[in-house]
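Chemist: Structure: my_file08.cif, mmCIF, N, CA and C atoms.
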```cif
data_start
loop_
_atom_site.label_atom_id
_atom_site.label_comp_id
_atom_site.auth_asym_id
_atom_site.auth_seq_id
_atom_site.Cartn_x
_atom_site.Cartn_y
_atom_site.Cartn_z
N MET X 270 14.59 36.61 -27.32
CA MET X 270 15.34 35.39 -27.12
C MET X 270 14.87 34.68 -25.85
N LYS X 271 14.65 35.49 -24.82
CA LYS X 271 14.20 34.93 -23.54
C LYS X 271 12.83 34.25 -23.70
N LYS X 272 11.94 34.89 -24.46
CA LYS X 272 10.61 34.33 -24.69
C LYS X 272 10.70 33.03 -25.48
N LEU X 273 11.60 32.98 -26.43
CA LEU X 273 11.78 31.78 -27.23
C LEU X 273 12.29 30.63 -26.36
N PHE X 274 13.21 30.93 -25.47
CA PHE X 274 13.73 29.92 -24.55
C PHE X 274 12.62 29.36 -23.66
N ILE X 275 11.79 30.25 -23.13
CA ILE X 275 10.68 29.82 -22.27
C ILE X 275 9.70 28.96 -23.06
N LEU X 276 9.44 29.33 -24.30
CA LEU X 276 8.55 28.57 -25.15
C LEU X 276 9.09 27.15 -25.37
N PHE X 277 10.39 27.03 -25.66
CA PHE X 277 11.00 25.72 -25.84
C PHE X 277 10.98 24.91 -24.55
N LEU X 278 11.20 25.57 -23.45
CA LEU X 278 11.17 24.91 -22.15
C LEU X 278 9.79 24.33 -21.86
N ILE X 279 8.76 25.11 -22.09
CA ILE X 279 7.38 24.63 -21.88
C ILE X 279 7.07 23.48 -22.82
N ALA X 280 7.46 23.60 -24.07
CA ALA X 280 7.23 22.53 -25.04
C ALA X 280 7.95 21.25 -24.62
N GLY X 281 9.14 21.39 -24.09
CA GLY X 281 9.89 20.23 -23.62
C GLY X 281 9.21 19.53 -22.47
N PHE X 282 8.72 20.31 -21.51
CA PHE X 282 7.99 19.73 -20.37
C PHE X 282 6.72 19.03 -20.84
N ALA X 283 6.01 19.63 -21.75
CA ALA X 283 4.78 19.03 -22.27
C ALA X 283 5.09 17.71 -22.97
N ALA X 284 6.17 17.68 -23.74
CA ALA X 284 6.55 16.46 -24.44
C ALA X 284 6.92 15.36 -23.46
N CYS X 285 7.64 15.71 -22.41
CA CYS X 285 8.02 14.73 -21.39
C CYS X 285 6.79 14.18 -20.69
N ALA X 286 5.85 15.03 -20.36
CA ALA X 286 4.63 14.59 -19.69
C ALA X 286 3.84 13.67 -20.60
N GLU X 287 3.75 13.99 -21.86
CA GLU X 287 3.01 13.16 -22.81
C GLU X 287 3.70 11.81 -22.98
N THR X 288 5.03 11.80 -23.00
CA THR X 288 5.77 10.56 -23.13
C THR X 288 5.48 9.64 -21.95
N LYS X 289 5.44 10.19 -20.74
CA LYS X 289 5.16 9.36 -19.57
C LYS X 289 3.78 8.75 -19.66
N LYS X 290 2.79 9.50 -20.14
CA LYS X 290 1.44 8.96 -20.30
C LYS X 290 1.46 7.81 -21.29
N GLU X 291 2.16 7.99 -22.40
CA GLU X 291 2.24 6.93 -23.41
C GLU X 291 2.93 5.71 -22.83
N ASP X 292 4.01 5.91 -22.09
CA ASP X 292 4.74 4.80 -21.51
C ASP X 292 3.84 4.01 -20.55
N MET X 293 3.04 4.71 -19.75
CA MET X 293 2.18 4.04 -18.79
C MET X 293 1.12 3.20 -19.50
N SER X 294 0.62 3.70 -20.62
CA SER X 294 -0.43 2.97 -21.33
C SER X 294 0.10 1.70 -21.99
N THR X 295 1.40 1.63 -22.22
CA THR X 295 1.97 0.44 -22.85
C THR X 295 2.52 -0.56 -21.84
N LYS X 296 2.49 -0.20 -20.56
CA LYS X 296 3.04 -1.09 -19.53
C LYS X 296 2.08 -2.24 -19.24
N SER X 297 2.64 -3.36 -18.83
CA SER X 297 1.82 -4.48 -18.39
C SER X 297 1.20 -4.15 -17.04
N MET X 298 0.22 -4.94 -16.63
CA MET X 298 -0.42 -4.69 -15.35
C MET X 298 0.60 -4.75 -14.22
N ALA X 299 1.49 -5.73 -14.24
CA ALA X 299 2.51 -5.86 -13.20
C ALA X 299 3.43 -4.64 -13.18
N GLU X 300 3.79 -4.13 -14.35
CA GLU X 300 4.63 -2.94 -14.41
C GLU X 300 3.91 -1.71 -13.86
N LYS X 301 2.62 -1.61 -14.15
CA LYS X 301 1.83 -0.50 -13.61
C LYS X 301 1.78 -0.56 -12.09
N VAL X 302 1.54 -1.77 -11.56
CA VAL X 302 1.48 -1.93 -10.11
C VAL X 302 2.83 -1.56 -9.50
N GLU X 303 3.92 -2.03 -10.09
CA GLU X 303 5.25 -1.69 -9.59
C GLU X 303 5.47 -0.17 -9.60
N PHE X 304 5.03 0.48 -10.66
CA PHE X 304 5.15 1.94 -10.73
C PHE X 304 4.39 2.59 -9.58
N PHE X 305 3.17 2.14 -9.34
CA PHE X 305 2.38 2.70 -8.24
C PHE X 305 3.06 2.47 -6.90
N LEU X 306 3.59 1.27 -6.69
CA LEU X 306 4.24 0.96 -5.41
C LEU X 306 5.49 1.82 -5.22
N GLU X 307 6.27 2.00 -6.27
CA GLU X 307 7.48 2.82 -6.18
C GLU X 307 7.16 4.27 -5.82
N ASN X 308 5.95 4.70 -6.15
CA ASN X 308 5.54 6.08 -5.91
C ASN X 308 4.55 6.21 -4.75
N ASP X 309 4.48 5.17 -3.91
CA ASP X 309 3.59 5.15 -2.74
C ASP X 309 2.14 5.43 -3.11
N GLN X 310 1.71 4.96 -4.25
CA GLN X 310 0.32 5.13 -4.70
C GLN X 310 -0.42 3.80 -4.55
N TYR X 311 -0.56 3.37 -3.31
CA TYR X 311 -1.12 2.06 -3.01
C TYR X 311 -2.59 1.95 -3.37
N SER X 312 -3.35 3.00 -3.14
CA SER X 312 -4.78 2.98 -3.48
C SER X 312 -4.96 2.82 -4.99
N ASP X 313 -4.11 3.48 -5.76
CA ASP X 313 -4.19 3.35 -7.22
C ASP X 313 -3.87 1.92 -7.65
N ALA X 314 -2.87 1.33 -7.03
CA ALA X 314 -2.51 -0.05 -7.36
C ALA X 314 -3.66 -1.00 -7.02
N LEU X 315 -4.26 -0.82 -5.85
CA LEU X 315 -5.36 -1.69 -5.44
C LEU X 315 -6.59 -1.49 -6.33
N THR X 316 -6.84 -0.26 -6.73
CA THR X 316 -7.97 0.00 -7.64
C THR X 316 -7.76 -0.72 -8.96
N LEU X 317 -6.55 -0.65 -9.49
CA LEU X 317 -6.24 -1.36 -10.74
C LEU X 317 -6.44 -2.86 -10.56
N LEU X 318 -5.94 -3.41 -9.46
CA LEU X 318 -6.02 -4.85 -9.24
C LEU X 318 -7.45 -5.32 -9.02
N GLU X 319 -8.29 -4.48 -8.44
CA GLU X 319 -9.69 -4.86 -8.20
C GLU X 319 -10.46 -5.01 -9.50
N THR X 320 -9.99 -4.41 -10.58
CA THR X 320 -10.68 -4.51 -11.87
C THR X 320 -10.26 -5.76 -12.64
N GLN X 321 -9.33 -6.53 -12.10
CA GLN X 321 -8.79 -7.69 -12.80
C GLN X 321 -9.42 -8.98 -12.28
N ASP X 322 -9.42 -10.02 -13.11
CA ASP X 322 -9.83 -11.34 -12.65
C ASP X 322 -8.84 -11.82 -11.60
N GLU X 323 -9.29 -12.69 -10.71
CA GLU X 323 -8.43 -13.15 -9.61
C GLU X 323 -7.52 -14.29 -10.07
N THR X 324 -6.56 -13.96 -10.90
CA THR X 324 -5.56 -14.93 -11.33
C THR X 324 -4.48 -15.03 -10.25
N GLU X 325 -3.61 -16.00 -10.40
CA GLU X 325 -2.50 -16.15 -9.45
C GLU X 325 -1.62 -14.91 -9.44
N GLU X 326 -1.36 -14.35 -10.62
CA GLU X 326 -0.54 -13.14 -10.71
C GLU X 326 -1.20 -11.97 -9.98
N VAL X 327 -2.49 -11.79 -10.20
CA VAL X 327 -3.22 -10.68 -9.57
C VAL X 327 -3.21 -10.85 -8.05
N MET X 328 -3.43 -12.06 -7.57
CA MET X 328 -3.46 -12.29 -6.13
C MET X 328 -2.07 -12.04 -5.52
N THR X 329 -1.03 -12.44 -6.21
CA THR X 329 0.33 -12.17 -5.74
C THR X 329 0.60 -10.67 -5.69
N LEU X 330 0.16 -9.96 -6.70
CA LEU X 330 0.34 -8.50 -6.72
C LEU X 330 -0.50 -7.82 -5.63
N ARG X 331 -1.70 -8.33 -5.37
CA ARG X 331 -2.53 -7.77 -4.29
C ARG X 331 -1.86 -8.00 -2.94
N GLU X 332 -1.33 -9.21 -2.74
CA GLU X 332 -0.63 -9.52 -1.49
C GLU X 332 0.54 -8.56 -1.29
N LYS X 333 1.33 -8.38 -2.33
CA LYS X 333 2.49 -7.49 -2.26
C LYS X 333 2.07 -6.05 -2.00
N THR X 334 1.00 -5.62 -2.66
CA THR X 334 0.53 -4.24 -2.50
C THR X 334 0.03 -3.99 -1.08
N HIS X 335 -0.79 -4.90 -0.56
CA HIS X 335 -1.28 -4.73 0.82
C HIS X 335 -0.12 -4.75 1.82
N LEU X 336 0.85 -5.62 1.61
CA LEU X 336 1.99 -5.69 2.52
C LEU X 336 2.78 -4.37 2.48
N ASN X 337 3.08 -3.91 1.29
CA ASN X 337 3.83 -2.65 1.17
C ASN X 337 3.03 -1.47 1.71
N TYR X 338 1.73 -1.49 1.51
CA TYR X 338 0.88 -0.42 2.04
C TYR X 338 0.93 -0.42 3.56
N GLY X 339 0.85 -1.61 4.16
CA GLY X 339 0.94 -1.71 5.62
C GLY X 339 2.27 -1.19 6.14
N LEU X 340 3.35 -1.58 5.50
CA LEU X 340 4.67 -1.11 5.91
C LEU X 340 4.79 0.41 5.76
N PHE X 341 4.23 0.93 4.69
CA PHE X 341 4.23 2.39 4.49
C PHE X 341 3.48 3.08 5.62
N LEU X 342 2.28 2.59 5.92
CA LEU X 342 1.48 3.21 6.98
C LEU X 342 2.18 3.12 8.33
N GLU X 343 2.79 1.98 8.59
CA GLU X 343 3.42 1.75 9.89
C GLU X 343 4.69 2.58 10.07
N TYR X 344 5.49 2.69 9.04
CA TYR X 344 6.83 3.27 9.21
C TYR X 344 7.08 4.61 8.51
N ARG X 345 6.38 4.89 7.41
CA ARG X 345 6.80 6.04 6.60
C ARG X 345 5.73 7.09 6.36
N ASP X 346 4.49 6.83 6.68
CA ASP X 346 3.42 7.79 6.36
C ASP X 346 3.50 8.98 7.30
N SER X 347 3.89 10.12 6.78
CA SER X 347 4.00 11.32 7.61
C SER X 347 2.72 12.14 7.61
N ASN X 348 1.74 11.74 6.81
CA ASN X 348 0.48 12.47 6.76
C ASN X 348 -0.41 12.16 7.96
N VAL X 349 -0.25 10.98 8.54
CA VAL X 349 -1.04 10.60 9.71
C VAL X 349 -0.10 10.63 10.91
N THR X 350 -0.38 11.49 11.86
CA THR X 350 0.51 11.63 13.01
C THR X 350 0.01 10.88 14.23
N ASN X 351 -1.27 10.52 14.25
CA ASN X 351 -1.83 9.78 15.36
C ASN X 351 -1.38 8.32 15.24
N MET X 352 -0.59 7.86 16.21
CA MET X 352 -0.01 6.52 16.14
C MET X 352 -1.08 5.43 16.09
N ARG X 353 -2.17 5.63 16.80
CA ARG X 353 -3.24 4.61 16.80
C ARG X 353 -3.84 4.48 15.40
N ASP X 354 -4.08 5.58 14.74
CA ASP X 354 -4.61 5.54 13.38
C ASP X 354 -3.63 4.86 12.42
N LYS X 355 -2.34 5.16 12.57
CA LYS X 355 -1.32 4.54 11.72
C LYS X 355 -1.31 3.03 11.91
N MET X 356 -1.33 2.60 13.17
CA MET X 356 -1.23 1.17 13.45
C MET X 356 -2.49 0.42 13.03
N ASN X 357 -3.66 1.04 13.22
CA ASN X 357 -4.89 0.40 12.77
C ASN X 357 -4.91 0.25 11.25
N GLY X 358 -4.45 1.27 10.55
CA GLY X 358 -4.37 1.19 9.10
C GLY X 358 -3.41 0.09 8.66
N ALA X 359 -2.27 0.03 9.31
CA ALA X 359 -1.28 -1.00 8.98
C ALA X 359 -1.83 -2.39 9.28
N LEU X 360 -2.44 -2.56 10.45
CA LEU X 360 -3.02 -3.86 10.80
C LEU X 360 -4.08 -4.30 9.79
N ALA X 361 -4.91 -3.37 9.36
CA ALA X 361 -5.95 -3.69 8.38
C ALA X 361 -5.31 -4.19 7.08
N GLN X 362 -4.21 -3.60 6.67
CA GLN X 362 -3.52 -4.04 5.46
C GLN X 362 -2.90 -5.43 5.65
N TYR X 363 -2.31 -5.66 6.82
CA TYR X 363 -1.71 -6.97 7.09
C TYR X 363 -2.78 -8.06 7.15
N VAL X 364 -3.96 -7.73 7.65
CA VAL X 364 -5.07 -8.68 7.65
C VAL X 364 -5.40 -9.08 6.21
N GLU X 365 -5.44 -8.09 5.32
CA GLU X 365 -5.72 -8.39 3.91
C GLU X 365 -4.65 -9.29 3.31
N VAL X 366 -3.41 -9.08 3.69
CA VAL X 366 -2.32 -9.95 3.23
C VAL X 366 -2.58 -11.38 3.65
N LEU X 367 -2.94 -11.57 4.93
CA LEU X 367 -3.14 -12.92 5.45
C LEU X 367 -4.40 -13.58 4.90
N LYS X 368 -5.36 -12.80 4.47
CA LYS X 368 -6.54 -13.38 3.81
C LYS X 368 -6.13 -13.98 2.46
N ILE X 369 -5.14 -13.40 1.83
CA ILE X 369 -4.64 -13.90 0.55
C ILE X 369 -3.65 -15.03 0.78
N ASN X 370 -2.73 -14.83 1.71
CA ASN X 370 -1.69 -15.82 2.00
C ASN X 370 -1.51 -15.93 3.51
N PRO X 371 -2.18 -16.90 4.14
CA PRO X 371 -2.11 -17.04 5.60
C PRO X 371 -0.71 -17.33 6.14
N ASP X 372 0.23 -17.67 5.27
CA ASP X 372 1.59 -18.01 5.70
C ASP X 372 2.59 -16.87 5.49
N ASN X 373 2.13 -15.68 5.17
CA ASN X 373 3.04 -14.57 4.92
C ASN X 373 3.73 -14.18 6.22
N GLU X 374 5.00 -14.54 6.34
CA GLU X 374 5.74 -14.35 7.58
C GLU X 374 5.94 -12.88 7.94
N LYS X 375 6.14 -12.04 6.95
CA LYS X 375 6.35 -10.61 7.23
C LYS X 375 5.10 -9.99 7.83
N ALA X 376 3.94 -10.29 7.27
CA ALA X 376 2.69 -9.75 7.81
C ALA X 376 2.45 -10.26 9.22
N ILE X 377 2.70 -11.55 9.45
CA ILE X 377 2.53 -12.12 10.79
C ILE X 377 3.46 -11.44 11.77
N SER X 378 4.71 -11.26 11.38
CA SER X 378 5.71 -10.62 12.24
C SER X 378 5.31 -9.19 12.59
N GLU X 379 4.85 -8.44 11.61
CA GLU X 379 4.45 -7.04 11.85
C GLU X 379 3.22 -6.97 12.77
N ILE X 380 2.27 -7.87 12.56
CA ILE X 380 1.08 -7.91 13.43
C ILE X 380 1.50 -8.21 14.86
N GLU X 381 2.35 -9.23 15.03
CA GLU X 381 2.80 -9.60 16.38
C GLU X 381 3.53 -8.44 17.04
N GLN X 382 4.34 -7.73 16.28
CA GLN X 382 5.07 -6.59 16.83
C GLN X 382 4.11 -5.50 17.30
N ILE X 383 3.14 -5.16 16.47
CA ILE X 383 2.18 -4.11 16.84
C ILE X 383 1.34 -4.55 18.04
N LEU X 384 0.88 -5.79 18.04
CA LEU X 384 0.09 -6.28 19.18
C LEU X 384 0.93 -6.31 20.45
N GLY X 385 2.22 -6.61 20.32
CA GLY X 385 3.11 -6.58 21.47
C GLY X 385 3.23 -5.18 22.06
N ILE X 386 3.26 -4.19 21.20
CA ILE X 386 3.31 -2.80 21.67
C ILE X 386 2.00 -2.43 22.35
N TYR X 387 0.88 -2.80 21.74
CA TYR X 387 -0.41 -2.53 22.37
C TYR X 387 -0.49 -3.17 23.75
N ALA X 388 0.09 -4.36 23.91
CA ALA X 388 0.02 -5.08 25.19
C ALA X 388 0.75 -4.35 26.31
N THR X 389 1.66 -3.46 25.97
CA THR X 389 2.39 -2.73 27.01
C THR X 389 1.61 -1.55 27.57
N PHE X 390 0.49 -1.21 26.93
CA PHE X 390 -0.34 -0.09 27.39
C PHE X 390 -1.64 -0.62 27.98
N ASP X 391 -2.04 -0.06 29.11
CA ASP X 391 -3.34 -0.40 29.67
C ASP X 391 -4.44 0.25 28.84
N ASN X 392 -5.53 -0.46 28.69
CA ASN X 392 -6.72 0.06 28.01
C ASN X 392 -6.48 0.53 26.58
N ARG X 393 -5.52 -0.06 25.90
CA ARG X 393 -5.27 0.27 24.50
C ARG X 393 -5.34 -1.01 23.67
N SER X 394 -6.03 -0.92 22.58
CA SER X 394 -6.11 -2.06 21.67
C SER X 394 -6.50 -1.53 20.29
N PRO X 395 -6.35 -2.36 19.27
CA PRO X 395 -6.76 -1.93 17.93
C PRO X 395 -8.26 -1.66 17.89
N ASP X 396 -8.70 -0.96 16.85
CA ASP X 396 -10.14 -0.77 16.64
C ASP X 396 -10.83 -2.12 16.66
N GLU X 397 -12.06 -2.14 17.10
CA GLU X 397 -12.77 -3.41 17.28
C GLU X 397 -12.90 -4.19 15.98
N GLU X 398 -13.16 -3.51 14.88
CA GLU X 398 -13.29 -4.20 13.60
C GLU X 398 -11.98 -4.90 13.21
N VAL X 399 -10.87 -4.21 13.39
CA VAL X 399 -9.56 -4.79 13.10
C VAL X 399 -9.27 -5.92 14.08
N ALA X 400 -9.59 -5.70 15.37
CA ALA X 400 -9.36 -6.73 16.39
C ALA X 400 -10.14 -8.00 16.07
N GLU X 401 -11.38 -7.84 15.61
CA GLU X 401 -12.20 -9.01 15.25
C GLU X 401 -11.58 -9.77 14.09
N ASP X 402 -11.12 -9.06 13.08
CA ASP X 402 -10.44 -9.71 11.95
C ASP X 402 -9.20 -10.46 12.43
N LEU X 403 -8.45 -9.86 13.34
CA LEU X 403 -7.24 -10.51 13.87
C LEU X 403 -7.60 -11.77 14.65
N ARG X 404 -8.66 -11.71 15.45
CA ARG X 404 -9.10 -12.90 16.19
C ARG X 404 -9.49 -14.02 15.24
N GLU X 405 -10.19 -13.67 14.16
CA GLU X 405 -10.58 -14.68 13.17
C GLU X 405 -9.38 -15.35 12.53
N LEU X 406 -8.26 -14.63 12.48
CA LEU X 406 -7.03 -15.19 11.92
C LEU X 406 -6.19 -15.92 12.97
N GLY X 407 -6.67 -15.95 14.22
CA GLY X 407 -5.99 -16.70 15.26
C GLY X 407 -5.11 -15.89 16.19
N PHE X 408 -5.14 -14.59 16.09
CA PHE X 408 -4.33 -13.75 16.98
C PHE X 408 -5.10 -13.46 18.26
N GLU X 409 -4.36 -13.36 19.36
CA GLU X 409 -4.96 -12.98 20.64
C GLU X 409 -4.88 -11.47 20.77
N VAL X 410 -6.05 -10.85 20.84
CA VAL X 410 -6.10 -9.39 20.93
C VAL X 410 -6.75 -9.00 22.24
#
```
Take the structure I supplied and represent it as structure tokens, if you would.
Modeler:
Amino acid sequence: MKKLFILFLIAGFAACAETKKEDMSTKSMAEKVEFFLENDQYSDALTLLETQDETEEVMTLREKTHLNYGLFLEYRDSNVTNMRDKMNGALAQYVEVLKINPDNEKAISEIEQILGIYATFDNRSPDEEVAEDLRELGFEV
């Protein structure tokens, strides 16, 4: 009886896993991106979006993905403990947001906040590549 129960349990898990795969294949691109964002799979979302033509919808989804990725890196990523690495990663994502939409207030606000923190430390600044991108966008670094 115990073996039969375990067999049914395994079959149930396999069926659930297969259902999720089927559900993902029937989702629209926007639904797939939302799924990736909800699960902090930003690289997967960006990879999907890079394979698409640059329509207005795709660009809006890319902007949203880069913004959410930056916020994740800045506030919630526990895999990177070095604050400088976290902030450089976040700044790089916010730069990508502003390349898509130069008027994105949230990205501008987050950049200004991070640069304000850097300004309180002597001899600390973002990586040079990120700093150059920020200067090109009009920020004083």
Chemist: Contacts between region 363-384 of chain X and region 289-345 of chain X, please, where a residue of region 289-345 of chain X counts if it comes within 7 Å (with all atoms listed in the file); show its shortest atom pair and distance in Å to one decimal, rows by chain and ascending number, as JSON lines.
Modeler:
```
{"residue": "X:Met328", "atom": "C", "partner": "X:Ile369", "partner_atom": "CA", "distance": 6.8}
{"residue": "X:Arg331", "atom": "C", "partner": "X:Val366", "partner_atom": "CA", "distance": 6.5}
{"residue": "X:Glu332", "atom": "CA", "partner": "X:Val366", "partner_atom": "CA", "distance": 5.0}
{"residue": "X:Lys333", "atom": "N", "partner": "X:Val366", "partner_atom": "CA", "distance": 6.8}
{"residue": "X:His335", "atom": "C", "partner": "X:Tyr363", "partner_atom": "N", "distance": 5.5}
{"residue": "X:Leu336", "atom": "N", "partner": "X:Val366", "partner_atom": "CA", "distance": 5.6}
{"residue": "X:Tyr338", "atom": "C", "partner": "X:Tyr363", "partner_atom": "N", "distance": 7.0}
{"residue": "X:Gly339", "atom": "CA", "partner": "X:Tyr363", "partner_atom": "N", "distance": 5.3}
```
Chemist: Produce the centre coordinates and the three edge lengths, each in Å to one decimal, of the box along x, y and z that contains all listed atoms of region 324-331 of chain X with 5 Å added on each side, as lines of an AutoDock Vina configuration file.
Modeler:
```
center_x = -3.0
center_y = -12.0
center_z = -7.1
size_x = 17.2
size_y = 18.4
size_z = 18.4
```
Chemist: How many Å separate atom N of Gln362 (chain X) from atom N of Met298 (chain X)?
Modeler: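 Atom N of Met298 (chain X) lies at a distance of 23.8 Å from atom N of Gln362 (chain X).
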Chemist: Tell me which residues the PyMOL selection byres (((chain X and resi 300-308 and name CA) around 12) and name CA) grabs here, as a PyMOL selection string.
Modeler: chain X and resi 289-290+292-299+309-319+326-327+329-341
Chemist: Calculate how many Å separate CA of Ser347 (chain X) from CA of Asp391 (chain X), rounding to one decimal.
Modeler: 26.0 Å
Chemist: With DSSP run on the backbone, what are the alpha helix (DSSP H) residues within region 311-341 of chain X? I'd like them as JSON, numbers by chain.
Modeler: {"X": [311, 312, 313, 314, 315, 316, 317, 318, 319, 325, 326, 327, 328, 329, 330, 331, 332, 333, 334, 335, 336, 337, 338, 339, 340]}
Chemist: I want to know what sits within 12 Å of region 385-390 of chain X, based on only C-alpha atoms, with residues of the same chain fewer than 4 positions away left out; could you give that as an mmCIF file with N, CA and C atoms, in the coordinates of the input?
Modeler:
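Heads up, here's the output in part.cif:
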```cif
data_model
loop_
_atom_site.group_PDB
_atom_site.id
_atom_site.type_symbol
_atom_site.label_atom_id
_atom_site.label_comp_id
_atom_site.auth_asym_id
_atom_site.auth_seq_id
_atom_site.Cartn_x
_atom_site.Cartn_y
_atom_site.Cartn_z
ATOM 1 N N MET X 352 -0.590 7.860 16.210
ATOM 2 C CA MET X 352 -0.010 6.520 16.140
ATOM 3 C C MET X 352 -1.080 5.430 16.090
ATOM 4 N N ARG X 353 -2.170 5.630 16.800
ATOM 5 C CA ARG X 353 -3.240 4.610 16.800
ATOM 6 C C ARG X 353 -3.840 4.480 15.400
ATOM 7 N N MET X 356 -1.330 2.600 13.170
ATOM 8 C CA MET X 356 -1.230 1.170 13.450
ATOM 9 C C MET X 356 -2.490 0.420 13.030
ATOM 10 N N ASN X 357 -3.660 1.040 13.220
ATOM 11 C CA ASN X 357 -4.890 0.400 12.770
ATOM 12 C C ASN X 357 -4.910 0.250 11.250
ATOM 13 N N LEU X 360 -2.440 -2.560 10.450
ATOM 14 C CA LEU X 360 -3.020 -3.860 10.800
ATOM 15 C C LEU X 360 -4.080 -4.300 9.790
ATOM 16 N N SER X 378 4.710 -11.260 11.380
ATOM 17 C CA SER X 378 5.710 -10.620 12.240
ATOM 18 C C SER X 378 5.310 -9.190 12.590
ATOM 19 N N GLU X 379 4.850 -8.440 11.610
ATOM 20 C CA GLU X 379 4.450 -7.040 11.850
ATOM 21 C C GLU X 379 3.220 -6.970 12.770
ATOM 22 N N ILE X 380 2.270 -7.870 12.560
ATOM 23 C CA ILE X 380 1.080 -7.910 13.430
ATOM 24 C C ILE X 380 1.500 -8.210 14.860
ATOM 25 N N GLU X 381 2.350 -9.230 15.030
ATOM 26 C CA GLU X 381 2.800 -9.600 16.380
ATOM 27 C C GLU X 381 3.530 -8.440 17.040
ATOM 28 N N SER X 394 -6.030 -0.920 22.580
ATOM 29 C CA SER X 394 -6.110 -2.060 21.670
ATOM 30 C C SER X 394 -6.500 -1.530 20.290
ATOM 31 N N PRO X 395 -6.350 -2.360 19.270
ATOM 32 C CA PRO X 395 -6.760 -1.930 17.930
ATOM 33 C C PRO X 395 -8.260 -1.660 17.890
ATOM 34 N N ASP X 396 -8.700 -0.960 16.850
ATOM 35 C CA ASP X 396 -10.140 -0.770 16.640
ATOM 36 C C ASP X 396 -10.830 -2.120 16.660
ATOM 37 N N ALA X 400 -9.590 -5.700 15.370
ATOM 38 C CA ALA X 400 -9.360 -6.730 16.390
ATOM 39 C C ALA X 400 -10.140 -8.000 16.070
ATOM 40 N N PHE X 408 -5.140 -14.590 16.090
ATOM 41 C CA PHE X 408 -4.330 -13.750 16.980
ATOM 42 C C PHE X 408 -5.100 -13.460 18.260
ATOM 43 N N GLU X 409 -4.360 -13.360 19.360
ATOM 44 C CA GLU X 409 -4.960 -12.980 20.640
ATOM 45 C C GLU X 409 -4.880 -11.470 20.770
ATOM 46 N N VAL X 410 -6.050 -10.850 20.840
ATOM 47 C CA VAL X 410 -6.100 -9.390 20.930
ATOM 48 C C VAL X 410 -6.750 -9.000 22.240
#
```
Chemist: Mind giving me the straight-line distance from CA of Glu323 (chain X) to CA of Glu397 (chain X) in Å, one decimal?
Modeler: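 Answer for the CA of Glu323 (chain X) to CA of Glu397 (chain X) separation: 28.9 Å.
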